[in-house]
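Engineer: My structure is stored as input.cif, with mmCIF, C-alpha atoms and all ligand atoms.
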data_data
#
loop_
_atom_site.label_atom_id
_atom_site.label_comp_id
_atom_site.auth_asym_id
_atom_site.auth_seq_id
_atom_site.Cartn_x
_atom_site.Cartn_y
_atom_site.Cartn_z
CA MET A 11 32.40 142.52 31.48
CA SER A 12 35.72 140.87 30.58
CA GLN A 13 37.33 141.49 27.22
CA PHE A 14 37.62 137.67 26.88
CA THR A 15 34.73 135.25 26.50
CA PRO A 16 35.53 131.63 27.34
CA ASP A 17 35.09 129.07 24.56
CA ALA A 18 31.47 127.98 24.18
CA ASP A 19 32.22 124.46 25.44
CA TRP A 20 34.49 125.63 28.28
CA LEU A 21 33.72 123.98 31.60
CA HIS A 22 34.14 126.18 34.64
CA TRP A 23 36.23 124.79 37.49
CA HIS A 24 34.32 123.26 40.41
CA GLN A 25 32.87 125.98 42.64
CA SER A 26 32.46 123.92 45.81
CA PRO A 27 34.84 120.94 45.88
CA SER A 28 34.22 118.42 48.65
CA LYS A 29 36.44 118.21 51.70
CA PRO A 30 38.74 115.25 51.03
CA HIS A 31 38.63 112.26 53.36
CA TYR A 32 42.37 111.81 52.83
CA LYS A 33 44.51 114.22 54.84
CA PRO A 34 47.79 115.08 53.08
CA PRO A 35 50.94 115.11 55.23
CA ALA A 36 52.14 118.44 56.63
CA GLY A 37 53.91 120.47 53.97
CA ALA A 38 52.21 118.74 51.02
CA VAL A 39 52.72 120.33 47.59
CA ASP A 40 50.20 120.54 44.75
CA ALA A 41 52.87 120.31 42.05
CA HIS A 42 50.75 120.84 38.94
CA CYS A 43 48.23 123.65 38.72
CA HIS A 44 47.68 126.79 36.69
CA VAL A 45 46.41 130.34 36.92
CA PHE A 46 44.35 131.86 34.11
CA GLY A 47 44.47 135.64 33.99
CA PRO A 48 42.31 137.23 35.18
CA GLY A 49 42.12 138.14 31.52
CA ASP A 50 41.49 141.83 32.12
CA GLN A 51 44.68 142.08 34.16
CA PHE A 52 46.83 139.52 32.35
CA PRO A 53 45.49 139.15 28.79
CA PHE A 54 45.50 135.74 27.16
CA ALA A 55 48.04 135.30 24.37
CA PRO A 56 47.00 136.03 20.77
CA GLU A 57 48.43 132.65 19.64
CA ARG A 58 46.40 130.64 22.23
CA LYS A 59 44.42 127.59 21.11
CA TYR A 60 41.68 128.06 23.71
CA THR A 61 40.15 130.85 25.79
CA PRO A 62 39.43 129.75 29.35
CA CYS A 63 37.44 131.29 32.17
CA ASP A 64 39.47 133.22 34.73
CA ALA A 65 41.15 131.30 37.55
CA SER A 66 43.08 133.65 39.79
CA LYS A 67 45.90 133.17 42.26
CA ASP A 68 43.61 133.98 45.19
CA GLN A 69 41.18 131.29 44.08
CA LEU A 70 44.12 128.88 43.85
CA TRP A 71 45.28 129.73 47.39
CA ALA A 72 41.72 129.16 48.66
CA LEU A 73 41.67 125.73 47.05
CA ARG A 74 45.12 124.90 48.44
CA ASP A 75 43.95 125.69 51.96
CA SER A 76 40.64 123.86 51.68
CA LEU A 77 42.30 120.69 50.36
CA GLY A 78 44.92 120.69 53.14
CA PHE A 79 47.97 121.52 51.02
CA ALA A 80 50.80 123.88 51.93
CA ARG A 81 52.39 124.85 48.63
CA ASN A 82 51.78 125.04 44.87
CA VAL A 83 53.85 124.61 41.75
CA ILE A 84 52.20 126.72 39.08
CA VAL A 85 52.79 125.64 35.50
CA GLN A 86 52.50 128.25 32.78
CA ALA A 87 49.39 127.39 30.74
CA THR A 88 49.41 127.58 26.96
CA CYS A 89 46.61 130.17 26.91
CA HIS A 90 49.23 132.65 28.16
CA GLY A 91 51.85 131.60 25.59
CA ALA A 92 55.33 132.76 26.62
CA ASP A 93 53.92 135.78 28.46
CA ASN A 94 54.64 134.74 32.04
CA ARG A 95 53.24 137.85 33.77
CA ALA A 96 50.27 136.13 35.44
CA LEU A 97 52.59 133.38 36.67
CA ILE A 98 55.18 135.85 37.97
CA ASP A 99 52.52 137.87 39.76
CA ALA A 100 51.16 134.76 41.45
CA LEU A 101 54.62 133.64 42.55
CA GLN A 102 55.54 137.08 43.86
CA GLN A 103 52.31 137.31 45.86
CA SER A 104 52.52 133.77 47.24
CA GLN A 105 54.69 134.58 50.25
CA GLY A 106 57.12 131.91 49.16
CA LEU A 107 54.43 129.23 49.01
CA ALA A 108 54.48 128.86 45.22
CA ARG A 109 57.17 128.08 42.71
CA GLY A 110 56.74 128.04 38.96
CA VAL A 111 57.43 126.46 35.60
CA ALA A 112 57.56 128.99 32.76
CA THR A 113 57.30 128.92 28.99
CA VAL A 114 60.12 130.76 27.25
CA LYS A 115 61.34 131.37 23.73
CA PRO A 116 64.95 130.97 22.61
CA ASP A 117 65.41 134.73 22.30
CA ILE A 118 64.76 135.34 26.01
CA SER A 119 67.53 137.45 27.56
CA ASP A 120 69.67 136.44 30.52
CA ALA A 121 68.14 139.30 32.50
CA GLN A 122 64.62 138.00 31.80
CA LEU A 123 65.62 134.49 32.86
CA GLN A 124 67.06 135.92 36.08
CA HIS A 125 63.82 137.85 36.66
CA LEU A 126 61.88 134.58 36.36
CA HIS A 127 64.29 132.89 38.74
CA ASP A 128 63.97 135.67 41.30
CA ALA A 129 60.18 135.35 41.15
CA GLY A 130 60.42 131.61 41.91
CA VAL A 131 60.56 129.88 38.53
CA ARG A 132 62.57 126.66 38.63
CA GLY A 133 61.76 125.06 35.28
CA VAL A 134 60.56 125.48 31.71
CA ARG A 135 57.85 123.51 29.95
CA PHE A 136 58.32 122.00 26.49
CA ASN A 137 54.89 121.17 25.11
CA PHE A 138 54.38 118.78 22.20
CA VAL A 139 50.59 118.39 22.39
CA LYS A 140 49.49 119.62 18.99
CA ARG A 141 46.01 120.74 20.00
CA LEU A 142 47.63 123.09 22.53
CA VAL A 143 50.67 124.57 20.79
CA ASP A 144 52.78 124.78 17.69
CA ALA A 145 55.89 123.21 19.22
CA LEU A 146 59.20 125.01 18.86
CA PRO A 147 61.84 123.37 16.63
CA PHE A 148 64.28 121.06 18.43
CA ASP A 149 67.21 123.47 17.93
CA GLY A 150 65.41 126.23 19.81
CA LEU A 151 64.46 123.86 22.61
CA LYS A 152 68.05 122.59 22.86
CA SER A 153 69.39 126.11 23.20
CA ILE A 154 66.84 126.87 25.97
CA ALA A 155 67.79 123.61 27.70
CA GLU A 156 71.49 124.50 27.75
CA ARG A 157 70.82 127.94 29.19
CA ILE A 158 68.40 126.92 31.93
CA LYS A 159 70.69 124.05 32.93
CA HIS A 160 73.12 126.64 34.26
CA MET A 161 70.40 128.05 36.49
CA GLY A 162 69.77 124.68 38.10
CA TRP A 163 66.32 124.48 36.52
CA HIS A 164 64.60 121.41 35.09
CA ILE A 165 62.44 120.77 32.02
CA VAL A 166 58.80 119.68 32.11
CA ILE A 167 57.67 117.84 28.99
CA TYR A 168 54.08 117.35 27.85
CA PHE A 169 53.26 114.87 25.09
CA GLU A 170 50.78 112.08 24.32
CA ALA A 171 51.72 108.41 24.52
CA GLN A 172 51.68 107.79 20.78
CA GLU A 173 54.32 110.52 20.29
CA LEU A 174 56.87 109.07 22.68
CA ALA A 175 58.69 106.74 20.28
CA GLU A 176 59.42 109.60 17.92
CA LEU A 177 60.49 112.02 20.66
CA TYR A 178 62.43 109.47 22.75
CA ASP A 179 65.94 110.29 21.55
CA PHE A 180 65.38 114.03 21.83
CA PHE A 181 64.11 113.61 25.38
CA THR A 182 66.93 111.37 26.57
CA ALA A 183 69.52 113.83 25.25
CA LEU A 184 68.15 116.66 27.42
CA PRO A 185 70.82 117.82 29.88
CA THR A 186 68.70 118.44 33.00
CA THR A 187 66.20 116.73 35.24
CA VAL A 188 63.12 116.10 33.08
CA VAL A 189 59.61 115.88 34.51
CA VAL A 190 56.93 114.17 32.39
CA ASP A 191 53.40 115.55 32.66
CA HIS A 192 50.61 113.07 33.44
CA MET A 193 52.69 109.88 32.96
CA GLY A 194 53.03 110.65 29.28
CA ARG A 195 49.25 110.54 28.88
CA PRO A 196 48.78 106.78 28.51
CA ASP A 197 45.83 105.33 26.66
CA VAL A 198 44.36 103.48 29.65
CA SER A 199 42.21 101.26 27.45
CA LYS A 200 45.48 99.49 26.61
CA SER A 201 47.34 97.18 28.97
CA VAL A 202 49.68 98.57 31.57
CA ASP A 203 52.05 95.82 30.39
CA GLY A 204 51.63 96.66 26.71
CA PRO A 205 54.36 98.19 24.52
CA GLU A 206 53.09 101.77 24.69
CA PHE A 207 53.12 102.23 28.46
CA GLN A 208 56.18 100.01 28.82
CA LEU A 209 58.11 102.40 26.58
CA PHE A 210 57.34 105.11 29.13
CA VAL A 211 58.40 102.79 31.97
CA LYS A 212 61.65 102.12 30.11
CA LEU A 213 62.22 105.87 29.76
CA MET A 214 61.88 106.21 33.54
CA ARG A 215 63.89 103.08 34.34
CA GLU A 216 66.86 103.77 32.07
CA ASN A 217 67.13 107.51 32.68
CA GLU A 218 67.48 108.46 36.31
CA ASN A 219 67.08 112.14 35.50
CA PHE A 220 63.43 111.46 34.49
CA TRP A 221 60.54 112.11 36.87
CA SER A 222 56.81 111.68 36.33
CA LYS A 223 53.73 113.52 37.49
CA VAL A 224 51.16 110.90 38.43
CA THR A 225 48.41 113.36 37.72
CA CYS A 226 45.15 113.73 35.84
CA PRO A 227 43.10 110.56 36.34
CA GLU A 228 40.17 112.76 35.27
CA ARG A 229 41.86 113.42 31.92
CA LEU A 230 43.04 109.88 31.28
CA SER A 231 40.10 107.85 32.53
CA LEU A 232 37.59 106.33 30.14
CA GLN A 233 35.49 104.98 33.01
CA GLY A 234 35.25 108.51 34.42
CA PRO A 235 34.25 109.90 37.79
CA PRO A 236 33.96 109.48 40.66
CA HIS A 237 36.53 106.68 40.95
CA TYR A 238 38.64 106.78 37.77
CA ASN A 239 39.38 103.11 38.43
CA ASP A 240 41.03 102.46 35.09
CA VAL A 241 43.90 104.85 35.91
CA VAL A 242 44.86 103.38 39.29
CA LEU A 243 47.10 100.58 38.02
CA PHE A 244 49.05 102.89 35.71
CA ALA A 245 49.72 105.51 38.37
CA ARG A 246 50.40 103.05 41.20
CA SER A 247 52.92 101.13 39.12
CA ILE A 248 54.90 104.34 38.54
CA VAL A 249 54.71 105.45 42.18
CA GLU A 250 55.88 102.05 43.41
CA ALA A 251 58.67 101.66 40.84
CA PHE A 252 60.04 105.21 41.14
CA PRO A 253 59.00 106.48 44.58
CA GLN A 254 61.65 109.20 44.67
CA ARG A 255 60.86 110.58 41.20
CA VAL A 256 57.12 111.20 41.25
CA LEU A 257 55.03 114.32 41.83
CA TRP A 258 51.32 114.86 42.31
CA GLY A 259 49.07 117.81 41.48
CA THR A 260 45.43 118.76 41.08
CA ASP A 261 45.76 120.26 37.58
CA TRP A 262 43.31 122.96 38.77
CA PRO A 263 41.55 124.70 37.01
CA HIS A 264 41.47 121.70 34.67
CA PRO A 265 41.83 123.19 31.19
CA ASN A 266 39.99 121.60 28.30
CA MET A 267 37.94 119.10 30.24
CA LYS A 268 35.10 118.33 27.84
CA THR A 269 32.92 115.74 29.55
CA HIS A 270 32.99 116.58 33.25
CA MET A 271 34.68 118.87 35.74
CA PRO A 272 36.39 116.96 38.53
CA ASP A 273 35.70 117.62 42.20
CA ASP A 274 39.18 118.49 43.50
CA GLY A 275 38.42 116.91 46.88
CA LYS A 276 37.80 113.58 45.14
CA LEU A 277 41.09 113.94 43.28
CA VAL A 278 42.85 114.22 46.65
CA ASP A 279 41.05 111.06 47.75
CA PHE A 280 42.63 109.33 44.74
CA ILE A 281 46.12 109.76 46.26
CA PRO A 282 46.10 106.83 48.73
CA ARG A 283 44.91 104.52 45.95
CA ILE A 284 48.03 105.24 43.88
CA ALA A 285 50.41 105.73 46.83
CA PRO A 286 49.13 103.19 49.32
CA THR A 287 51.64 103.66 52.15
CA VAL A 288 52.44 106.64 54.35
CA GLU A 289 56.05 106.45 53.19
CA LEU A 290 55.08 106.61 49.48
CA GLN A 291 52.72 109.50 50.22
CA ARG A 292 55.48 111.44 52.01
CA HIS A 293 57.80 111.06 49.01
CA LEU A 294 55.09 111.94 46.51
CA LEU A 295 53.63 114.96 48.28
CA VAL A 296 56.48 116.39 50.36
CA ASN A 297 60.04 115.13 49.88
CA ASN A 298 60.10 114.95 46.09
CA PRO A 299 58.54 118.34 45.32
CA LEU A 300 60.68 120.01 47.99
CA ARG A 301 63.81 118.46 46.48
CA LEU A 302 62.95 119.90 43.08
CA TYR A 303 61.36 123.23 43.97
CA TRP A 304 62.40 124.16 47.53
CA PRO A 305 65.74 122.39 48.04
CA GLU A 306 66.61 124.96 50.69
CA LEU A 307 63.81 123.58 52.90
CA GLN A 308 64.79 119.95 52.62
CA GLU A 309 65.39 117.93 55.74
CA ASN A 310 67.01 114.90 54.13
C1 LIG B 401 47.38 120.30 31.65
C2 LIG B 401 46.57 120.04 30.50
C3 LIG B 401 46.21 120.72 29.42
C4 LIG B 401 46.48 122.07 29.13
C5 LIG B 401 47.56 122.75 29.48
O1 LIG B 401 48.97 124.55 29.33
C6 LIG B 401 47.89 124.10 28.99
O2 LIG B 401 47.11 124.68 28.26
O3 LIG B 401 48.44 122.25 30.29
C7 LIG B 401 45.44 119.96 28.45
O4 LIG B 401 44.57 120.55 27.78
O5 LIG B 401 45.70 118.75 28.29
O6 LIG B 401 48.47 119.79 31.75
O7 LIG B 401 46.97 120.98 32.58
#
Kindly present the structure from the file in structure tokens form.
Structural biologist:
Amino acid sequence: MSQFTPDADWLHWHQSPSKPHYKPPAGAVDAHCHVFGPGDQFPFAPERKYTPCDASKDQLWALRDSLGFARNVIVQATCHGADNRALIDALQQSQGLARGVATVKPDISDAQLQHLHDAGVRGVRFNFVKRLVDALPFDGLKSIAERIKHMGWHIVIYFEAQELAELYDFFTALPTTVVVDHMGRPDVSKSVDGPEFQLFVKLMRENENFWSKVTCPERLSLQGPPHYNDVVLFARSIVEAFPQRVLWGTDWPHPNMKTHMPDDGKLVDFIPRIAPTVELQRHLLVNNPLRLYWPELQEN
């Protein structure tokens, strides 16, 4: 019996995802996923806003293999706060097949940053989604940004579309590559050509250090599964406009899904709808994530 009980409305990740029809290219990277605990080994943080079910590294590797992927980028989830032990353990046990994005506080020591780097961390996440975290003040984030810049890391930012206007100047002053989670979480009931999504497109267009994850149709869609049709236009427009600055990931084990749990195989089948050519798929799934997370393996 675990010391942690998942929230009453917590949906467990899919136990038997379908085999995707789409076959990812050799070396494909799932560049946005998480591990949760296991809670008995890696306790969830006291300041967390949700308590999930366990989702271990071994279960992640099994999913990776069954979906036809080669590597993972594991993003520190807010339920672990700035305690990166579960992430570090997963990276260290991955045989070089996983890299990570950590959450850190401004008082982290140089030695701790180096320890994260040695384990395979290549970025930090700044989270502005209020239901998930109490965001750090800008000054603290700026000081983290300056320090991780010297390690060649990047910053992953998570926010919702309506927050972008207010955060825009802070974001564009960041001194590293910046990766936006889930296309800035657009409201897909609005037009792709409307002011809200176009502000995000402007951010990408005018700042060449900005990248986007074209992830989470299951989170953004109002039409829902299995096709998530209302998300296609948003994601495809970003992939086609910025083919060298996009990443894709499953978002397994899908924290805080309230209405349905996606079938990860179907999420893989979404890829050719948002990246319709082999060339776009190779950038999205192989070249771009290798450039950011495994530059030593890059061919071009
Ligand atoms: C995501 C989405 C969410 C949660 C987290 O770290 C997290 O807790 O990332 C969410 O609830 O929107 O990016 O995987």
Engineer: List every protein, DNA or RNA residue with an atom no more than 12 Å from (58.6, 103.4, 20.2) in the file's coordinates, counting all atoms listed in the file, and format the result as an MDAnalysis selection string.
Structural biologist: chainID A and resid 171:179 204:213
Engineer: For Leu257 in chain A, work out the shell of residues within 12 Å, counting all atoms listed in the file and skipping chain neighbours fewer than 2 positions away, then give it as a ChimeraX atom specification.
Structural biologist: /A:38-43,82-83,166,189-193,220-226,245,248-249,252-255,259-261,281,284-285,290-303
Engineer: List as a PyMOL selection string the protein and nucleic acid residues near Leu77 in chain A, meaning an atom at most 9 Å away when only C-alpha atoms are counted, but skip any in the same chain fewer than 5 places from it.
Structural biologist: chain A and resi 27-30+33-34+72+274-275+278
Engineer: Throw together the list of residues within 6 Å of ligand LIG 401 (chain B), counting all atoms listed in the file, and drop it here as a ChimeraX atom specification.
Structural biologist: /A:87-89,142,261,264-266
Engineer: For Thr287 in chain A, which residue among A:His44, A:Arg109, A:His164, A:Arg246 is the nearest when counting all atoms listed in the file?
Structural biologist: A:Arg246
Engineer: Neighbouring residues of Gly162 in chain A were defined as those with any atom within 10 Å, considering all atoms listed in the file; residues of the same chain fewer than 6 positions away were excluded. Please report them as a list in words.
Structural biologist: His127, Arg132, Gly133, Thr186, Thr187 and Leu302 of chain A
Engineer: May I ask for the distance between CA of Gln102 in chain A and CA of Gly78 in chain A, given in Å to one decimal place?
Structural biologist: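 According to the coordinates, CA of Gln102 in chain A and CA of Gly78 in chain A are separated by 21.6 Å.
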Engineer: Have a look at A:Val139, A:Leu126, A:Leu70, A:Leu230 and name the one nearest to Thr269 in chain A; count all atoms listed in the file.
Structural biologist: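 Once distances to Thr269 in chain A are computed over all atoms listed in the file, the minimum belongs to A:Leu230.
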Engineer: For Thr61 in chain A, which residue out of A:Lys276, A:His22, A:His31, A:Arg74 is the nearest one, using all atoms listed in the file?
Structural biologist: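 Closest residue, counting all atoms listed in the file: A:His22.
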Engineer: How many Å lie between CA of Tyr32 in chain A and CA of Ser76 in chain A, rounded to one decimal?
Structural biologist: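 If I compute the distance from CA of Tyr32 in chain A to CA of Ser76 in chain A, I get 12.2 Å.
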Engineer: Set the distance at 12 Å and use only C-alpha atoms: which residues neighbour Phe14 in chain A once local chain neighbours fewer than 3 positions away are removed? I'd like the list as a JSON list (two decimals) with C-alpha atoms, in the coordinates of the input.
Structural biologist:
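Saved result, selection39.json, follows:
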[["chain", "number", "residue", "atom", "x", "y", "z"],
["A", 11, "MET", "CA", 32.40, 142.52, 31.48],
["A", 17, "ASP", "CA", 35.09, 129.07, 24.56],
["A", 18, "ALA", "CA", 31.47, 127.98, 24.18],
["A", 46, "PHE", "CA", 44.35, 131.86, 34.11],
["A", 47, "GLY", "CA", 44.47, 135.64, 33.99],
["A", 48, "PRO", "CA", 42.31, 137.23, 35.18],
["A", 49, "GLY", "CA", 42.12, 138.14, 31.52],
["A", 50, "ASP", "CA", 41.49, 141.83, 32.12],
["A", 51, "GLN", "CA", 44.68, 142.08, 34.16],
["A", 52, "PHE", "CA", 46.83, 139.52, 32.35],
["A", 53, "PRO", "CA", 45.49, 139.15, 28.79],
["A", 54, "PHE", "CA", 45.50, 135.74, 27.16],
["A", 55, "ALA", "CA", 48.04, 135.30, 24.37],
["A", 56, "PRO", "CA", 47.00, 136.03, 20.77],
["A", 60, "TYR", "CA", 41.68, 128.06, 23.71],
["A", 61, "THR", "CA", 40.15, 130.85, 25.79],
["A", 62, "PRO", "CA", 39.43, 129.75, 29.35],
["A", 63, "CYS", "CA", 37.44, 131.29, 32.17],
["A", 64, "ASP", "CA", 39.47, 133.22, 34.73],
["A", 89, "CYS", "CA", 46.61, 130.17, 26.91]]
Engineer: Counting only C-alpha atoms, which residue out of A:Val143, A:Leu101, A:Ala108, A:Ile154 sits closest to Leu123 in chain A?
Structural biologist: A:Ile154
Engineer: For a quick check of understanding, using all atoms listed in the file, which of A:Glu250, A:Asp68, A:Glu289, A:Glu156 has the smallest distance to Asp99 in chain A?
Structural biologist: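 The closest residue to Asp99 in chain A is A:Asp68.
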Engineer: Fewer than 5 positions away in the same chain doesn't count, so skip those; otherwise give me all residues within 9 Å of His24 in chain A, counting only C-alpha atoms, as a list in words.
Structural biologist: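 The residues satisfying every condition are Pro263, Met271, Pro272, Asp273 and Asp274 of chain A.
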Engineer: Quick one, how far is CA of Val188 in chain A from CA of Ile165 in chain A?
Structural biologist: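 Calculated distance between CA of Val188 in chain A and CA of Ile165 in chain A is 4.8 Å.
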Engineer: Just checking: using only C-alpha atoms, which residue out of A:His270, A:Arg135, A:Lys200, A:Arg215 ends up closest to Gly234 in chain A?
Structural biologist: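 Of the candidates, the smallest distance to Gly234 in chain A is held by A:His270.
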